[in-house]
Structure formats: C-alpha cells, structure tokens
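S.K.: Got a structure for you, questions after.
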Amino acid sequence: MTDKIGLEAFRKNKTKRPITISPENSVEEKRSMPNKKILTHPNRRLTSKDLPKSIRLPLDTHSAISTIASIQNKKMYEVVNDVMEQYIQELPSQSKKLVRNNVEAIKNNNKLRDESND
C-alpha cells in the first residue's frame with residue numbers, strides 16, 4: 001500500500017507553483033519632462049529685431065545683472081536668459097511643463113508670422 005492518504009494517493013502529476021516575478025518598472029522613475037533646456041537661443045549675438053521687449057528693473061537689480069554680464073563677458077540678455085533657465089529647471093515638473101508649452105507656443109507663433117511676412 002501507499003503511505004499517502006487522500007487525494008495525494010490518486011494524483012500522479014502535481015502542478016507546481018508559478019515563479020513569482022517582481023516588477024522592475026515600478027522601481028524606475030519615468031519622467032515625461034526631459035531635463036533639457038527650455039529657453040533655446042541661437043549661438044549668434046541677437047539684434048534689436050530679435051529682442052522686441054524691454055523690462056523695467058530696480059536699479060540695484062540692473063546693476064547686478066550688468067556687473068555679472070561684464071564679469072562673464074556676456075550681453076545682459078544672455079545673463080538674464082541663464083538666470084531664467086536655471087530658475088525654470090528648479091521648478092516642479094507641472095510648472096515647468098506650463099512654461100515649456102507657453103515658450104513653444106510663442107516660438108511657433110513667431111515662425112508663422114515670419115513665414116507670412118515672406
């Protein structure tokens with residue numbers, strides 16, 4: 001006789017438990033917002049045509065920007081662009097996406113306007 005009692009005495013093939021696989025994707029962090037620069041500008045120096053807007057700043061802020069520009073041998077708008085890019089990169093991803101979408105909309109609008117003028 002067999003030593004097994006119950007269903008084990010009649011059952012020959014036992015189904016083995018499946019191997020448990022832990023998910024790998026849950027460990028990785030996927031970002032929909034790339035960490036690339038949002039404010040992209042050409043390498044050449046911009047002309048007054050490329051810089052249509054002006055801003056009003058307190059005198060001490062203007063002096064600080066001017067001093068940084070002279071130390072780094074840059075134009076003042078380049079220093080402002082660098083500061084803005086650094087500030088944008090430190091924003092939360094939701095705010096960063098809003099800024100990126102608005103910047104891209106302005107760039108596309110300017111491209112369409114330039115194409116219609118040609």
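For the structure tokens, the naming scheme is as follows: chains receive sequential letters (A, B, ...) according to their order of presentation, residues are indexed from 1 within each chain, and ligands are indexed from 1 in presentation order.
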Which of region 11-89 of chain A counts as helix (DSSP H, G or I) under DSSP, as a list in words please?
M.R.: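 Answer for region 11-89 of chain A restricted to helix (DSSP H, G or I) is Leu59, Asp60, Thr61, His62, Ser63, Ala64, Ile65, Ser66, Thr67, Ile68, Ala69, Ser70, Ile71, Gln72, Met76, Tyr77, Glu78, Val79, Val80, Asn81, Asp82, Val83, Met84, Glu85, Gln86, Tyr87, Ile88 and Gln89 of chain A.
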